[in-house]
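Undergrad: Got a structure for you, written out below as C-alpha cells; questions coming shortly.
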Amino acid sequence: MKFEGTERYYLSPELGEIVNISISMEKPLLLMGEAGTGKTRLAFEIAHEFGMNMEEARCKSTFKGEELCYVYDAVLRLNDSRFGSGESGRNVNDIWDYLRFGPIGRAFLAEDRRVLLLDEIDKTDSDAQDNLLDVLEDGSFIIREINHKVSARQKPVIIITSNAKRELSDPFLRRCFCHYIPFPGIEEISIIVRLHFPDIPEQLLEACLTEFYGLREQGFEKPPATAELLDWIGAIRSTGANGPGAGKSVRNIGTLLKRSKDLLKFKGSNQRINQRIPTR
Amino acid sequence: MLSFIQQLREAEIPISLRYILEFYRGLQKGLAPDLDRLFLLARLVFIKNVEHYDAFERVFSCFFLGGSPWQMPDWEEVFAGKPFQEWLSEQIANGRISVDELRTYGAEELLRRFWETLLKQKEQHHGGRTWIGTGGRSPFGHSGSAGGGIRVYGRGLHGTAQKVIDKRSYINYSEKSPLARANLSQVLASLKNLKRSGPETELDIDETIARTAKNGGEIELVFTRELRDRLKLIVLLDNGGYSMLPYIELVKSVFGKIRDQFKDLKYYYFHNCVYGAVYDDLARTRTIPWEALVSRGTDTHLMIIGDANMGPFELMASNGSLYIESGDRRPGLEWLKELRAAFPASVWLNPIAKEHWSVESTTINQIGRIFPMEDLTLAGIRNAVQILESSC
C-alpha cells in the first residue's frame, strides 16, 4: 500500500513518505500548519487513492470527545418509556436502540478499513483530547452505560488536523506522529496551480505568484493561502483579464483578503506607514 | 543509534522510552532505507512539537552529516529577529548606513553597531531626560533584501534532509526565540477557568431521578448548564517610553494574540511604573481610578507587560513619577506592592530576555521581588500561565 498523490492534489515527496510511514506504523498522523495548506484535503485524497470510506469529524469547542464515539440518548428513552415509542420500532428495554455512534464509533465498527478524519482538533478543549487518548491508542472505547467495549475491527487510518488555535495536550501529542506543513514555496505552488489550471499562460502565472507572495509578506491578519490563490486566479481568468494588476489596483482583491481590516490596510497601506511613527 | 538519541536529549528534546521502542520498530519494518527517510522517521517519532524542529535538525545534521556541533552561536537568530531587522531598516531609511556600505560590512560589524545603538538609547533614558525626536524614522515596515550576507527570511521548501537542514526552515519556532503568533496562542490557550454557564442543555441525571421519584414515577427532566470557560483577565501594558521601543513589534504580537484569545479581557496602559492610576486609552488621557482597578482583584487575573526598566529614583522616590502633573506622593514601589496584594493571580512579563535582567537594570530585580516575572519567550509565557493557574 503506497500513497502517491492524485491528479487534483499535489503531494510533496516528503509528505508522501510521512503518510506512508504513519500508515505502516498504524499511528494517527497529526498535521499542523496554517489554513490553506491542504491538511484536510489530504485525508480525502488518501481515502480516494485507496478506495476507502471516510468518517469525518469536524470538531467543535463544545465537544467532550465521547460523542465522537457514541451518544446515549437518555432523554429519548425516558420519553419513550413514558409515552411509548409508537411507530418508531424502538424497544425501550433495549439500550442499543438508544445508542448513536459517532464517526469514531462507525469507523471502528465497520467491516472495512476506513479513513478517520478528526478535523481541527485544536478547537476542542484539552479534556476532550484526553478522553480521546486511549481510544485512538488502543482502537477501542467503552460504552459506559452498559460497560461494553467496542474494539476496532480494522484499525482506521487516522488523520488529525490542527490550526494551532489552542495548545494540544502533551500526552495527546505523544500518541500521534506530528508533522508541520510549511507554506509551499514558489515551485510547489506553481505545480499546484497548474494542476487546477493546466492551460494557464506562463507569464500570467508568474505575475500572479509574484503579487501573491508580495501580499503574504505584508503581514495581514489572515494572509492569503493556497485556496485564496486558486480562487483569485480563477476569478482573473473568468474575467478574461490578461494580468493580475499591480500595487493598489490588484484585480479581485476580495478573493485574496477576507478580513475587512486587511482590506483597509491594503487600500491605505501607503498613508498608514507614515502615520505609525511614534510622536514622542 | 542510541548515542544519536542521547544527543537529542542533550538538546533538550523530551524523549520517552516509548519513542525509542517505536523508532526501532520502524527501523525493523524497513521504513528508513535511506538517509532522507531516516530523517523523516526519526522526526515523526521523536518530535511532537514544532518548537523542537530546529534543534532536531541541528542534531541530525551533526550526527549523520558531520555538521558543526549544535551549540554554535546563532547569528541567524539575531539577524532574523524583529529588533535587528527594524533597526536595520531604520538605519537605511535614515541614510546612516547606505545599501552599498552594507555589502561591505561583515556580520560582526553590523551586530556591533546594532548593540551600540540600543545601548545608547538605554543610557539616554536612564538619565531621566526626555529623548530627542529623531524625526521621520519608522521602527516599522519591512526590511528589503539587504546585502552583506544577511539572510532575508525565506520559507522552507520540502526536500531532502540535506536541503531542509541547510535552509534551517524551522528557525522561527525555536523555543528561545521571540514568538511566532501560532505557538503563542497555543500557550495562552491553556489558561482557563471552568464555570457553569450558558443554556441549560445537559441532563442532570441525579436531579431527574430525585424529582421523578418524588413525583411518584411521573418523569420530570431536569437540565443543568454545562461547564464553560469563564476567565477574566486584565492586561496592563507599558506603552510609553523609549525603553520599550526595541520591543514594540514583539509586544504587539503578544498583545494581539492575548486579545484574540480571551473573551472577558480589559487592557489598560501605563508609563514605566504604575502611579496610582492606569489609563484606558493609548494616549494615556482617560484614567481608571485605582480603587476600581484593585477591587476587581479577587476574581480576575492580572498580566503586566513592561520592561520594568527605569531610573531607580522613579521607583523609589516619593514623587518618582516623571510627569509633574501627576503629583503623586508615594513611590512607585509602594503602588506596585499594593497592586500585587490586590491581585493574588498576577504575573509580570518582560520583553527583555531573562539572561540580561541583572545587567540591564537594578529595578528589574526589585520589581521581580514583588511580581513573579518571566520574559516574553514561549517558555517564559508558559511559566507565566502556570503561575496564574496555580494562584487561583
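Residues are referred to by chain and number: the chain letter is A, B, ... according to the order shown in the C-alpha cells, the number counts from 1 in that chain, and ligands are numbered separately from 1 in the order shown.
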Could you list, as a PyMOL selection string, every residue within 10 Å of Leu236 (chain B), counting only C-alpha atoms and ignoring same-chain residues fewer than 2 positions away?

TA: chain B and resi 233-234+238-239+266-271+274+278-280+302-306+348

Undergrad: Once you have the residues from the selection above, write them out as an mmCIF file, in the first residue's frame, restricted to N, CA and C atoms.

TA:
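Ended up saving to selection24.cif:
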```
data_model
loop_
_atom_site.group_PDB
_atom_site.id
_atom_site.type_symbol
_atom_site.label_atom_id
_atom_site.label_comp_id
_atom_site.auth_asym_id
_atom_site.auth_seq_id
_atom_site.Cartn_x
_atom_site.Cartn_y
_atom_site.Cartn_z
ATOM 1 N N LEU B 233 -9.499 38.564 32.706
ATOM 2 C CA LEU B 233 -8.091 38.914 32.621
ATOM 3 C C LEU B 233 -7.935 40.411 32.414
ATOM 4 N N ILE B 234 -7.024 40.999 33.162
ATOM 5 C CA ILE B 234 -6.657 42.397 32.922
ATOM 6 C C ILE B 234 -5.213 42.420 32.457
ATOM 7 N N ASP B 238 2.818 48.620 29.369
ATOM 8 C CA ASP B 238 3.703 49.786 29.365
ATOM 9 C C ASP B 238 3.826 50.261 27.928
ATOM 10 N N ASN B 239 3.132 51.335 27.583
ATOM 11 C CA ASN B 239 3.160 51.720 26.181
ATOM 12 C C ASN B 239 3.971 52.985 25.946
ATOM 13 N N LYS B 266 -9.809 43.103 29.779
ATOM 14 C CA LYS B 266 -9.667 44.557 29.793
ATOM 15 C C LYS B 266 -8.184 44.861 29.665
ATOM 16 N N TYR B 267 -7.861 45.869 28.890
ATOM 17 C CA TYR B 267 -6.461 46.239 28.853
ATOM 18 C C TYR B 267 -6.291 47.721 29.126
ATOM 19 N N TYR B 268 -5.338 48.013 29.982
ATOM 20 C CA TYR B 268 -5.066 49.380 30.370
ATOM 21 C C TYR B 268 -3.589 49.675 30.125
ATOM 22 N N TYR B 269 -3.272 50.961 30.110
ATOM 23 C CA TYR B 269 -1.904 51.344 29.801
ATOM 24 C C TYR B 269 -1.273 52.107 30.963
ATOM 25 N N PHE B 270 0.028 52.019 31.042
ATOM 26 C CA PHE B 270 0.732 52.856 31.995
ATOM 27 C C PHE B 270 2.073 53.218 31.392
ATOM 28 N N HIS B 271 2.746 54.140 32.042
ATOM 29 C CA HIS B 271 4.052 54.523 31.545
ATOM 30 C C HIS B 271 5.092 54.206 32.604
ATOM 31 N N VAL B 274 3.592 52.053 37.671
ATOM 32 C CA VAL B 274 2.206 52.378 37.952
ATOM 33 C C VAL B 274 2.141 53.366 39.118
ATOM 34 N N VAL B 278 -4.233 53.949 36.168
ATOM 35 C CA VAL B 278 -3.813 53.462 34.859
ATOM 36 C C VAL B 278 -4.747 54.084 33.830
ATOM 37 N N TYR B 279 -4.404 53.919 32.588
ATOM 38 C CA TYR B 279 -5.115 54.651 31.552
ATOM 39 C C TYR B 279 -5.879 53.721 30.647
ATOM 40 N N ASP B 280 -6.981 54.257 30.162
ATOM 41 C CA ASP B 280 -7.894 53.468 29.358
ATOM 42 C C ASP B 280 -7.533 53.520 27.880
ATOM 43 N N LEU B 302 -4.243 39.111 36.508
ATOM 44 C CA LEU B 302 -3.578 40.333 36.053
ATOM 45 C C LEU B 302 -2.275 39.967 35.355
ATOM 46 N N MET B 303 -2.083 40.591 34.197
ATOM 47 C CA MET B 303 -0.854 40.357 33.460
ATOM 48 C C MET B 303 -0.262 41.723 33.142
ATOM 49 N N ILE B 304 0.977 41.954 33.551
ATOM 50 C CA ILE B 304 1.609 43.236 33.267
ATOM 51 C C ILE B 304 2.696 43.002 32.228
ATOM 52 N N ILE B 305 2.685 43.789 31.164
ATOM 53 C CA ILE B 305 3.734 43.676 30.166
ATOM 54 C C ILE B 305 4.535 44.970 30.183
ATOM 55 N N GLY B 306 5.788 44.869 30.531
ATOM 56 C CA GLY B 306 6.609 46.064 30.572
ATOM 57 C C GLY B 306 8.042 45.663 30.809
ATOM 58 N N TRP B 348 4.238 39.337 35.852
ATOM 59 C CA TRP B 348 4.845 40.407 35.070
ATOM 60 C C TRP B 348 5.607 39.781 33.910
#
```

Undergrad: Any chance you could list, as a list in words, the residues in region 261-311 of chain B that come up helix (DSSP H, G or I) when DSSP is run on the backbone?

TA: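 Selection result, helix (DSSP H, G or I) within region 261-311 of chain B: Gln261, Trp290, Glu291, Ala292, Leu293, Val294, Gly297, Thr298 and Asp299 of chain B.
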
Undergrad: Would you list the contacts of region 32-47 of chain A as a PyMOL selection string, taking every protein, DNA or RNA residue within 8 Å and counting only C-alpha atoms, but skipping same-chain residues closer than 5 positions in sequence?

TA: chain A and resi 3+5-6+9+52-54+114-117+119+159+161-164+178-184+225-228

Undergrad: Between A:Asp73, A:Glu49, A:Asp94, A:Asp138, which has the minimum distance to chain B (counting only C-alpha atoms)?

TA: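 Among A:Asp73, A:Glu49, A:Asp94, A:Asp138, it is A:Asp73 that comes nearest to chain B.
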
Undergrad: In terms of the shortest atom-to-atom distance over only C-alpha atoms, which of A:Glu211, A:Glu87, A:Asp112, A:Asp122 is closest to chain B?

TA: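 That would be A:Asp122, the residue with the smallest distance to chain B.
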
Undergrad: Taking only C-alpha atoms into account, name the residue in A:Leu173, A:Leu195, A:Leu11, A:Leu229 that is nearest to chain B.

TA: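 Nearest to chain B: A:Leu173.
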
Undergrad: Rank nothing, just name the residue among A:Lys222, A:Gly51, A:Gly234, A:Gly240 nearest to Asp262 (chain A), using only C-alpha atoms.

TA: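 Looking at the shortest contact to Asp262 (chain A), the residue is A:Lys222.
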
Undergrad: Go through B:Val59, B:Leu376, B:Leu40, B:Leu35 and flag the residue nearest Ala11 (chain B), using only C-alpha atoms for the distances.

TA: B:Val59

Undergrad: Nearest to chain B: which of A:Pro103, A:Gly139, A:Gly185, A:Pro244 is it, counting only C-alpha atoms?

TA: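 Comparing A:Pro103, A:Gly139, A:Gly185, A:Pro244 against chain B, the winner is A:Gly185.
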
Undergrad: Might you pull out every residue within 6 Å of region 353-365 of chain B, with only C-alpha atoms counted and same-chain residues fewer than 5 positions away left off, and present them as number ranges by chain?

TA: B: 308-309, 375

Undergrad: Mind listing the strand (DSSP E or B) residues of region 53-127 of chain A, per DSSP on the backbone, as a VMD selection string?

TA: chain A and resid 54 to 58 70 to 72 99 to 101 115 to 119

Undergrad: Find the residues near Pro14 (chain B): any atom within 9 Å, counting only C-alpha atoms, skip ones fewer than 6 places away on the same chain, and give them as a compact mmCIF listing (two decimals) with C-alpha atoms, in the first residue's frame.

TA:
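And here's selection-v6.txt as it stands now:
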```txt
# COMPACT_ATOMS: atom_id res chain seq x y z
CA LEU B 8 18.65 14.65 21.10
CA PHE B 46 10.73 11.90 18.33
CA ILE B 47 9.45 15.39 17.62
```

Undergrad: Just to confirm, what's the straight-line distance from CA of Ser151 (chain A) to CA of Asp97 (chain A) in Å (one decimal)?

TA: 19.3 Å

Undergrad: Could you tell me how far CA of Leu118 (chain A) sits from CA of Ser16 (chain B), in Å to one decimal place?

TA: 25.5 Å

Undergrad: If you measure from CA of Asn49 (chain B) to CA of Arg9 (chain B), what distance in Å do you get, rounded to one decimal?

TA: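 A separation of 14.2 Å between them.
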